[in-house]
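J.: File follows, structure.tsv with TSV, C-alpha atoms:
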chain	number	residue	atom	x	y	z
A	1	MET	CA	18.66	10.19	-0.23
A	2	THR	CA	18.05	12.99	2.25
A	3	GLU	CA	15.46	12.65	4.98
A	4	GLN	CA	13.66	15.72	3.59
A	5	TYR	CA	13.38	14.07	0.17
A	6	SER	CA	12.22	10.84	1.83
A	7	TYR	CA	9.40	12.45	3.78
A	8	ARG	CA	8.16	14.34	0.72
A	9	ILE	CA	8.00	11.02	-1.16
A	10	LEU	CA	5.85	9.60	1.65
A	11	ASP	CA	3.54	12.62	1.55
A	12	VAL	CA	3.16	12.31	-2.23
A	13	LEU	CA	2.41	8.57	-1.99
A	14	ILE	CA	-0.41	9.38	0.43
A	15	GLU	CA	-1.73	12.06	-1.92
A	16	GLN	CA	-1.64	9.48	-4.74
A	17	ASP	CA	-3.62	6.97	-2.60
A	18	ALA	CA	-0.84	4.39	-2.85
A	19	CYS	CA	-0.73	1.17	-0.78
A	20	PHE	CA	2.46	1.33	1.28
A	21	ALA	CA	3.97	1.01	4.74
A	22	ILE	CA	7.22	2.32	6.17
A	23	PHE	CA	8.35	1.07	9.57
A	24	ARG	CA	11.38	1.10	11.86
A	25	LEU	CA	11.98	-1.85	14.18
A	26	PRO	CA	13.18	-1.13	17.74
A	27	HIS	CA	16.92	-0.42	17.92
A	28	GLU	CA	17.36	-0.48	14.14
A	29	THR	CA	18.63	2.67	12.43
A	30	ALA	CA	17.14	2.41	8.94
A	31	PRO	CA	13.40	2.18	8.23
A	32	ARG	CA	12.03	-0.60	6.03
A	33	PHE	CA	9.59	0.06	3.19
A	34	VAL	CA	6.97	-2.04	1.40
A	35	MET	CA	4.61	-1.02	-1.37
A	36	GLN	CA	2.00	-2.72	-3.53
A	37	THR	CA	2.39	-1.45	-7.10
A	38	SER	CA	-0.75	-2.84	-8.74
A	39	GLY	CA	-4.28	-3.78	-7.79
A	40	PRO	CA	-6.03	-3.43	-4.44
A	41	PRO	CA	-4.57	-4.94	-1.26
A	42	SER	CA	-5.95	-8.24	0.03
A	43	ILE	CA	-9.07	-7.83	2.18
A	44	LEU	CA	-9.61	-10.71	4.62
A	45	ARG	CA	-12.66	-11.67	6.68
A	46	ASP	CA	-10.90	-13.61	9.42
A	47	ILE	CA	-7.50	-13.44	11.14
A	48	GLU	CA	-6.95	-17.14	10.48
A	49	GLU	CA	-6.81	-16.39	6.74
A	50	LEU	CA	-3.37	-14.85	7.42
A	51	ASN	CA	-1.97	-18.41	7.36
A	52	GLU	CA	-1.94	-18.15	3.56
A	53	GLN	CA	-0.60	-14.59	3.35
A	54	GLN	CA	2.70	-12.77	3.07
A	55	GLY	CA	3.03	-9.02	3.35
A	56	PHE	CA	2.35	-6.06	5.62
A	57	VAL	CA	-0.67	-6.87	7.81
A	58	ILE	CA	-3.05	-4.17	9.07
A	59	ALA	CA	-5.60	-5.62	11.50
A	60	PRO	CA	-8.26	-3.57	13.34
A	61	PHE	CA	-9.42	-4.07	16.90
A	62	ARG	CA	-12.68	-5.36	15.42
A	63	THR	CA	-13.03	-6.25	11.75
A	64	ASN	CA	-15.96	-4.52	10.05
A	65	ALA	CA	-16.87	-2.64	6.86
A	66	THR	CA	-15.14	0.58	7.95
A	67	SER	CA	-11.96	-1.11	9.19
A	68	PRO	CA	-11.22	-4.31	7.24
A	69	LEU	CA	-8.29	-6.68	7.75
A	70	ILE	CA	-5.76	-5.69	5.06
A	71	VAL	CA	-2.55	-7.19	3.67
A	72	ILE	CA	-0.24	-5.04	1.51
A	73	ARG	CA	1.64	-7.20	-0.99
A	74	PRO	CA	5.37	-6.29	-0.89
A	75	ASP	CA	5.88	-5.73	-4.62
A	76	ARG	CA	8.50	-3.09	-3.90
A	77	THR	CA	10.84	-2.77	-0.91
A	78	THR	CA	12.83	0.30	-1.99
A	79	PHE	CA	11.68	3.91	-2.18
A	80	PRO	CA	10.02	4.71	-5.52
A	81	GLU	CA	11.00	7.62	-7.72
A	82	VAL	CA	8.17	10.14	-7.82
A	83	ASN	CA	7.94	13.61	-9.29
A	84	ILE	CA	8.02	15.98	-6.35
A	85	SER	CA	9.19	19.46	-5.61
A	86	ILE	CA	11.03	19.94	-2.33
A	87	ARG	CA	9.35	22.69	-0.33
A	88	LYS	CA	10.29	24.41	2.88
A	89	ASP	CA	7.53	23.68	5.39
A	90	GLY	CA	6.79	26.11	8.19
A	91	GLN	CA	7.15	25.25	11.83
A	92	GLU	CA	4.14	23.70	13.61
A	93	LYS	CA	4.53	25.32	17.01
A	94	ALA	CA	0.94	26.55	17.03
A	95	TYR	CA	-0.34	23.06	16.24
A	96	LEU	CA	-1.99	22.28	19.57
A	97	GLN	CA	-3.91	25.50	20.09
A	98	LYS	CA	-7.30	24.03	19.27
A	99	HIS	CA	-8.57	20.54	19.93
A	100	ILE	CA	-11.83	18.66	20.41
A	101	SER	CA	-12.09	15.69	22.75
A	102	LYS	CA	-14.09	14.22	25.59
A	103	ASN	CA	-13.39	16.15	28.75
A	104	LYS	CA	-12.79	14.54	32.10
A	105	VAL	CA	-16.44	14.81	33.14
A	106	GLU	CA	-17.57	12.93	30.02
A	107	TYR	CA	-14.77	10.41	30.52
A	108	SER	CA	-15.93	9.88	34.11
A	109	TYR	CA	-19.32	8.61	32.90
A	110	LEU	CA	-17.61	5.97	30.79
A	111	PHE	CA	-15.22	5.13	33.63
A	112	ASP	CA	-18.20	4.47	35.95
A	113	ARG	CA	-19.89	2.34	33.29
A	114	PHE	CA	-16.74	0.25	32.81
A	115	HIS	CA	-15.97	0.01	36.52
A	116	LYS	CA	-19.40	-1.37	37.45
A	117	PRO	CA	-18.92	-4.94	36.07
A	118	LEU	CA	-15.46	-4.99	37.70
A	119	ALA	CA	-16.89	-4.00	41.08
A	120	ASN	CA	-19.65	-6.60	40.67
A	121	GLY	CA	-17.11	-9.33	39.92
A	122	GLU	CA	-18.57	-9.95	36.45
A	123	LEU	CA	-15.28	-9.09	34.72
A	124	LYS	CA	-11.65	-9.10	35.91
A	125	LYS	CA	-10.29	-6.36	33.64
A	126	LEU	CA	-11.49	-3.89	31.01
A	127	VAL	CA	-9.50	-1.49	28.84
A	128	LEU	CA	-11.18	1.89	28.33
A	129	SER	CA	-9.90	3.92	25.38
A	130	ARG	CA	-10.10	7.61	24.55
A	131	SER	CA	-9.43	9.68	21.48
A	132	LYS	CA	-8.36	13.30	21.06
A	133	ILE	CA	-9.19	15.13	17.85
A	134	ILE	CA	-7.07	18.10	16.80
A	135	ASP	CA	-7.00	20.28	13.73
A	136	ARG	CA	-4.54	19.37	11.01
A	137	LYS	CA	-2.49	22.41	10.04
A	138	ASP	CA	-1.56	23.08	6.41
A	139	THR	CA	2.11	22.64	7.32
A	140	PHE	CA	1.60	19.13	8.77
A	141	SER	CA	3.61	16.41	7.01
A	142	PRO	CA	2.86	12.72	7.74
A	143	GLY	CA	6.29	11.80	6.38
A	144	ARG	CA	8.15	14.27	8.53
A	145	SER	CA	6.13	13.21	11.59
A	146	PHE	CA	7.20	9.61	10.93
A	147	PHE	CA	10.86	10.60	10.96
A	148	ASN	CA	10.27	12.70	14.09
A	149	ALA	CA	8.89	9.60	15.81
A	150	VAL	CA	11.81	7.46	14.59
A	151	GLU	CA	14.23	9.90	16.18
A	152	LYS	CA	12.26	10.42	19.41
A	153	TYR	CA	11.34	6.76	20.12
A	154	PRO	CA	14.34	4.52	19.33
A	155	HIS	CA	13.08	1.65	21.53
A	156	SER	CA	9.64	1.39	19.90
A	157	TYR	CA	8.21	0.08	16.64
A	158	VAL	CA	7.42	3.18	14.57
A	159	TYR	CA	5.27	3.03	11.43
A	160	LEU	CA	3.37	5.02	8.82
A	161	PHE	CA	0.99	3.28	6.42
A	162	HIS	CA	-1.64	4.21	3.88
A	163	THR	CA	-4.18	2.28	1.83
A	164	PRO	CA	-7.39	3.49	0.18
A	165	GLN	CA	-9.33	1.16	2.50
A	166	SER	CA	-7.76	2.23	5.81
A	167	GLY	CA	-6.63	5.78	5.21
A	168	THR	CA	-3.40	7.01	6.79
A	169	TRP	CA	-2.11	5.94	10.22
A	170	LEU	CA	1.03	6.76	12.16
A	171	GLY	CA	2.14	5.23	15.45
A	172	SER	CA	4.80	4.17	17.92
A	173	THR	CA	4.30	1.03	19.95
A	174	PRO	CA	6.46	-1.02	22.36
A	175	GLU	CA	4.31	-4.18	22.36
A	176	ILE	CA	5.23	-7.26	20.31
A	177	LEU	CA	2.28	-9.52	19.52
A	178	LEU	CA	4.17	-12.14	17.50
A	179	ARG	CA	7.72	-12.26	16.19
A	180	GLY	CA	9.32	-15.19	14.42
A	181	VAL	CA	12.27	-16.28	12.31
A	182	ARG	CA	12.05	-19.87	11.00
A	183	ASP	CA	10.98	-22.00	13.99
A	184	GLU	CA	11.92	-19.55	16.76
A	185	TRP	CA	8.98	-17.39	17.91
A	186	HIS	CA	8.33	-14.78	20.53
A	187	THR	CA	5.49	-12.84	22.20
A	188	VAL	CA	5.31	-10.54	25.22
A	189	ALA	CA	3.01	-9.59	28.07
A	190	LEU	CA	3.10	-5.80	28.41
A	191	ALA	CA	1.02	-4.13	31.09
A	192	GLY	CA	1.27	-1.58	33.85
A	193	THR	CA	2.23	2.05	33.27
A	194	ARG	CA	4.35	4.48	35.27
A	195	TYR	CA	5.83	7.90	34.47
A	196	PRO	CA	9.44	7.62	35.66
A	197	ASN	CA	10.96	10.94	34.47
A	198	SER	CA	14.10	9.90	36.34
A	199	GLY	CA	15.10	7.52	39.08
A	200	THR	CA	13.91	4.03	39.97
A	201	VAL	CA	10.47	2.83	38.85
A	202	THR	CA	8.33	1.26	41.56
A	203	TRP	CA	5.21	-0.80	40.89
A	204	ASP	CA	2.03	-0.83	42.98
A	205	ASP	CA	-0.36	-3.76	43.45
A	206	LYS	CA	-2.72	-2.57	40.71
A	207	ASN	CA	0.00	-2.56	38.03
A	208	LEU	CA	1.47	-5.87	39.21
A	209	ARG	CA	-2.00	-7.45	39.11
A	210	GLU	CA	-2.58	-6.10	35.61
A	211	GLN	CA	0.70	-7.62	34.42
A	212	HIS	CA	-0.14	-10.96	36.06
A	213	LEU	CA	-3.49	-11.13	34.24
A	214	VAL	CA	-1.87	-10.60	30.83
A	215	THR	CA	0.90	-13.12	31.58
A	216	SER	CA	-1.60	-15.78	32.71
A	217	TYR	CA	-3.72	-15.20	29.60
A	218	LEU	CA	-0.80	-15.66	27.22
A	219	LEU	CA	0.32	-18.84	29.00
A	220	LYS	CA	-3.21	-20.22	28.69
A	221	GLN	CA	-3.49	-19.38	25.00
A	222	LEU	CA	-0.06	-20.83	24.19
A	223	SER	CA	-0.80	-24.00	26.16
A	224	SER	CA	-3.82	-24.62	23.90
A	225	PHE	CA	-1.25	-25.19	21.12
A	226	HIS	CA	0.77	-27.50	23.43
A	227	ILE	CA	3.43	-24.77	23.66
A	228	THR	CA	5.50	-24.51	26.84
A	229	PRO	CA	7.42	-21.26	26.42
A	230	GLU	CA	10.63	-20.13	28.03
A	231	ILE	CA	9.71	-17.14	30.24
A	232	ASN	CA	11.79	-14.09	31.09
A	233	GLY	CA	10.39	-11.38	33.37
A	234	PRO	CA	8.62	-9.36	34.43
A	235	TYR	CA	11.04	-6.46	34.08
A	236	THR	CA	10.72	-2.71	33.47
A	237	ILE	CA	11.08	-1.22	29.99
A	238	LYS	CA	10.96	2.40	28.84
A	239	ALA	CA	8.78	3.56	25.96
A	240	GLY	CA	9.10	7.28	25.37
A	241	ASN	CA	8.24	9.05	28.62
A	242	LEU	CA	6.51	5.95	30.02
A	243	ALA	CA	7.61	2.75	31.74
A	244	HIS	CA	5.87	-0.64	31.48
A	245	LEU	CA	6.22	-4.13	32.91
A	246	ARG	CA	7.20	-6.72	30.33
A	247	THR	CA	7.46	-10.52	30.33
A	248	ASP	CA	8.96	-12.35	27.32
A	249	PHE	CA	7.77	-15.73	26.02
A	250	SER	CA	10.04	-17.65	23.63
A	251	PHE	CA	8.93	-20.89	21.97
A	252	ASN	CA	9.30	-23.13	18.93
A	253	LEU	CA	6.68	-23.75	16.25
A	254	PRO	CA	6.57	-26.66	13.82
A	255	GLU	CA	8.22	-26.56	10.39
A	256	THR	CA	5.03	-25.19	8.83
A	257	PRO	CA	3.90	-22.50	11.29
A	258	LYS	CA	0.36	-21.13	11.13
A	259	PRO	CA	0.74	-17.57	12.38
A	260	GLY	CA	-2.84	-16.64	11.52
A	261	THR	CA	-4.19	-19.33	13.83
A	262	LEU	CA	-1.88	-18.20	16.62
A	263	LEU	CA	-2.65	-14.49	16.09
A	264	LYS	CA	-6.38	-15.23	16.28
A	265	ALA	CA	-5.84	-16.98	19.62
A	266	LEU	CA	-3.75	-14.10	21.02
A	267	HIS	CA	-5.76	-11.09	19.77
A	268	PRO	CA	-7.11	-9.13	21.52
A	269	THR	CA	-4.91	-9.59	24.56
A	270	PRO	CA	-6.03	-8.32	27.99
A	271	ALA	CA	-3.56	-5.45	27.48
A	272	VAL	CA	-6.03	-3.88	25.00
A	273	SER	CA	-9.36	-5.55	25.80
A	274	GLY	CA	-9.88	-7.36	29.09
A	275	LEU	CA	-10.77	-10.62	30.83
A	276	PRO	CA	-12.58	-12.91	30.34
A	277	LYS	CA	-11.66	-12.36	26.69
A	278	ASP	CA	-15.00	-12.80	24.90
A	279	GLU	CA	-17.12	-11.05	27.53
A	280	ALA	CA	-14.73	-8.07	27.75
A	281	TYR	CA	-14.58	-7.78	23.96
A	282	ARG	CA	-18.39	-7.64	23.71
A	283	PHE	CA	-18.66	-5.17	26.59
A	284	ILE	CA	-16.23	-2.77	24.90
A	285	GLN	CA	-18.04	-3.09	21.59
A	286	TYR	CA	-21.40	-2.05	23.09
A	287	ASN	CA	-20.28	0.44	25.76
A	288	GLU	CA	-17.19	2.38	24.72
A	289	GLU	CA	-19.01	4.89	22.46
A	290	GLN	CA	-16.26	5.06	19.85
A	291	ASP	CA	-15.01	2.87	17.03
A	292	ARG	CA	-11.35	2.11	17.72
A	293	LEU	CA	-10.75	1.35	14.03
A	294	TYR	CA	-7.09	0.24	13.85
A	295	TYR	CA	-6.15	1.42	17.33
A	296	SER	CA	-5.43	-1.64	19.54
A	297	GLY	CA	-5.43	-3.92	16.51
A	298	PHE	CA	-2.09	-5.22	15.21
A	299	LEU	CA	0.22	-4.62	12.27
A	300	GLY	CA	3.56	-5.52	10.75
A	301	MET	CA	5.35	-7.79	8.29
A	302	LEU	CA	4.22	-11.39	8.05
A	303	ASP	CA	6.61	-13.76	6.26
A	304	THR	CA	6.86	-17.36	7.48
A	305	GLU	CA	9.68	-17.95	4.95
A	306	GLY	CA	11.71	-15.09	6.37
A	307	GLU	CA	11.00	-12.71	9.25
A	308	THR	CA	7.69	-11.90	10.95
A	309	ASP	CA	7.32	-8.83	13.19
A	310	ILE	CA	3.75	-8.14	14.33
A	311	TYR	CA	3.07	-5.41	16.91
A	312	VAL	CA	0.00	-4.27	18.83
A	313	ASN	CA	-1.09	-0.85	17.54
A	314	LEU	CA	-0.99	1.24	20.72
A	315	ARG	CA	0.05	4.95	20.65
A	316	CYS	CA	-1.20	6.04	17.25
A	317	MET	CA	-3.08	8.61	15.20
A	318	HIS	CA	-5.49	8.47	12.27
A	319	ILE	CA	-4.48	11.15	9.76
A	320	GLU	CA	-7.32	12.68	7.75
A	321	LYS	CA	-7.55	15.67	5.42
A	322	ASN	CA	-8.42	18.23	8.10
A	323	LEU	CA	-8.15	16.33	11.39
A	324	LEU	CA	-5.83	14.10	13.39
A	325	THR	CA	-7.42	11.59	15.78
A	326	LEU	CA	-5.07	10.38	18.53
A	327	PHE	CA	-5.86	7.21	20.51
A	328	ALA	CA	-4.86	5.89	23.93
A	329	GLY	CA	-6.30	3.63	26.61
A	330	SER	CA	-5.75	2.26	30.09
A	331	GLY	CA	-6.48	-1.00	31.84
A	332	LEU	CA	-9.17	-0.88	34.55
A	333	LEU	CA	-9.28	-3.24	37.52
A	334	VAL	CA	-11.60	-3.10	40.51
A	335	SER	CA	-8.90	-1.08	42.33
A	336	SER	CA	-8.65	1.56	39.57
A	337	SER	CA	-9.41	5.22	40.25
A	338	LEU	CA	-10.77	7.80	37.82
A	339	ASP	CA	-7.96	10.30	38.42
A	340	ASP	CA	-5.20	7.73	37.90
A	341	GLU	CA	-6.69	6.34	34.67
A	342	TRP	CA	-7.32	9.81	33.23
A	343	GLU	CA	-3.72	10.79	33.99
A	344	GLU	CA	-2.43	7.60	32.37
A	345	THR	CA	-4.28	8.28	29.11
A	346	GLU	CA	-3.06	11.90	29.14
A	347	HIS	CA	0.54	10.66	29.32
A	348	LYS	CA	-0.06	8.12	26.56
A	349	LEU	CA	-1.61	10.73	24.25
A	350	GLU	CA	1.56	12.78	24.66
A	351	VAL	CA	3.52	10.11	22.75
A	352	MET	CA	1.90	11.26	19.51
A	353	LEU	CA	1.48	14.91	20.53
A	354	ASN	CA	5.22	15.19	21.13
A	355	ILE	CA	6.11	14.45	17.51
A	356	LEU	CA	3.87	17.27	16.23
A	357	GLN	CA	5.68	20.06	18.03
Give the structure from the file, written as structure tokens.
T.:
Amino acid sequence: MTEQYSYRILDVLIEQDACFAIFRLPHETAPRFVMQTSGPPSILRDIEELNEQQGFVIAPFRTNATSPLIVIRPDRTTFPEVNISIRKDGQEKAYLQKHISKNKVEYSYLFDRFHKPLANGELKKLVLSRSKIIDRKDTFSPGRSFFNAVEKYPHSYVYLFHTPQSGTWLGSTPEILLRGVRDEWHTVALAGTRYPNSGTVTWDDKNLREQHLVTSYLLKQLSSFHITPEINGPYTIKAGNLAHLRTDFSFNLPETPKPGTLLKALHPTPAVSGLPKDEAYRFIQYNEEQDRLYYSGFLGMLDTEGETDIYVNLRCMHIEKNLLTLFAGSGLLVSSSLDDEWEETEHKLEVMLNILQ
């Protein structure tokens, strides 16, 4: 099957409001596909309910009526046959001519609001997110954009999913939340951002502190399950045009693992929310001025009988009929500066912008 035929199938499935996900694991060459062929997907109220589930999980940053916790049942794992006509799409070079988003002045107001509790010592870290809204051109293809991302970001988890409840989302993320095969499980602390271009990456105190906070949080959460993980890191990884600090945690779970319970303890990590966990989560909910929807939630295949690969939903876009909404964020500490954080989000937004050109 040609890639052109494959991406047209994906576009048609979206038009038909099908429940499906296609994803490519880091360093693999072939994407994997899951589709629910009958009935609505499972809608859950609580992350812990995932203990009883198997399928492709789509979890929002905050579960609510507009962004429920969804599980796509894997009725089919091969591409379906659909009636399509292959068309020659035009180039999208003019795609970025018009966009709507908060400018730096508006962002600065939110930055000051988020920085205040850090400066006062009320919170240790907060993640401030932004979105950029751009017009969707008639020539835009979600399927083709997925394959563009697969080619451009070989070291990241790349996905495209659609359900009637969530709409269509596309993303590329380097951050594992929970991976497991049988009793061997894995999570990572990913924090700190640099723009290496070329040469050696150096890390300043702010980025090292950010990484330390995420690492300490994960150790604390794992210890509540009496887990003493094997630790490797921190070390530098590349994700597109960015570099991050990463620490790996490997550990064993009992014969009957409860991934939902563990995911509820881990999410949201300080890499997407802040510290202390509950206070930062509430602060973001009441002060960020946008609904993150599925950005900074998590997604991926959950199968305790086989292989589980759950990733944090970082660089991503929400695909609508006429608009594309791109999401990115950065971690704020007391030492953070407005200019640095704005630049970081600009670089992160480019991850999705680059696949549209």
J.: With distances taken over all atoms listed in the file, which of A:Glu48, A:Asp291, A:Glu230, A:Asp340 is nearest to A:Asn64?
T.: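 Ranked by minimum distance to A:Asn64, first place goes to A:Asp291.
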J.: Go through A:Asp339, A:Asp303, A:Asp135, A:Glu255 one by one, measure the shortest atom-to-atom distance of each to A:Glu52 using all atoms listed in the file, and give the residue with the smallest value.
T.: A:Asp303
J.: Taking 6 positions as the minimum chain separation for residues in the same chain, which residues sit within 7 Å of stretch 53-63 of chain A when counting only C-alpha atoms? Answer as a PyMOL selection string.
T.: chain A and resi 69-74+292-303
J.: Using only C-alpha atoms, which residue out of A:Lys277, A:Arg130, A:Arg246, A:His115 lies closest to A:Lys220?
T.: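 Of all the options, A:Lys277 lies closest to A:Lys220.
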J.: For A:Leu263, list every protein, DNA or RNA residue within 9 Å, evaluated using all atoms listed in the file, and leave out those in the same chain fewer than 2 positions away; present the list as an mmCIF file with C-alpha atoms, in the coordinates of the input.
T.:
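Saved file selection.cif follows:
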data_model
loop_
_atom_site.group_PDB
_atom_site.id
_atom_site.type_symbol
_atom_site.label_atom_id
_atom_site.label_comp_id
_atom_site.auth_asym_id
_atom_site.auth_seq_id
_atom_site.Cartn_x
_atom_site.Cartn_y
_atom_site.Cartn_z
ATOM 1 C CA ILE A 47 -7.500 -13.440 11.140
ATOM 2 C CA GLU A 48 -6.950 -17.140 10.480
ATOM 3 C CA LEU A 50 -3.370 -14.850 7.420
ATOM 4 C CA LEU A 177 2.280 -9.520 19.520
ATOM 5 C CA LEU A 178 4.170 -12.140 17.500
ATOM 6 C CA LYS A 258 0.360 -21.130 11.130
ATOM 7 C CA PRO A 259 0.740 -17.570 12.380
ATOM 8 C CA GLY A 260 -2.840 -16.640 11.520
ATOM 9 C CA THR A 261 -4.190 -19.330 13.830
ATOM 10 C CA ALA A 265 -5.840 -16.980 19.620
ATOM 11 C CA LEU A 266 -3.750 -14.100 21.020
ATOM 12 C CA HIS A 267 -5.760 -11.090 19.770
ATOM 13 C CA PRO A 268 -7.110 -9.130 21.520
#
J.: May I ask for the distance between atom CA of A:Arg209 and atom CA of A:Asp248, given in Å to one decimal place?
T.: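 Answer for the atom CA of A:Arg209 to atom CA of A:Asp248 separation: 16.8 Å.
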J.: So which residues touch stretch 116-125 of chain A within 12 Å, counting all atoms listed in the file, skipping near sequence neighbours fewer than 6 positions away, as an MDAnalysis selection string?
T.: chainID A and resid 109:110 191 206:207 209:214 217 269:284 287 330:337
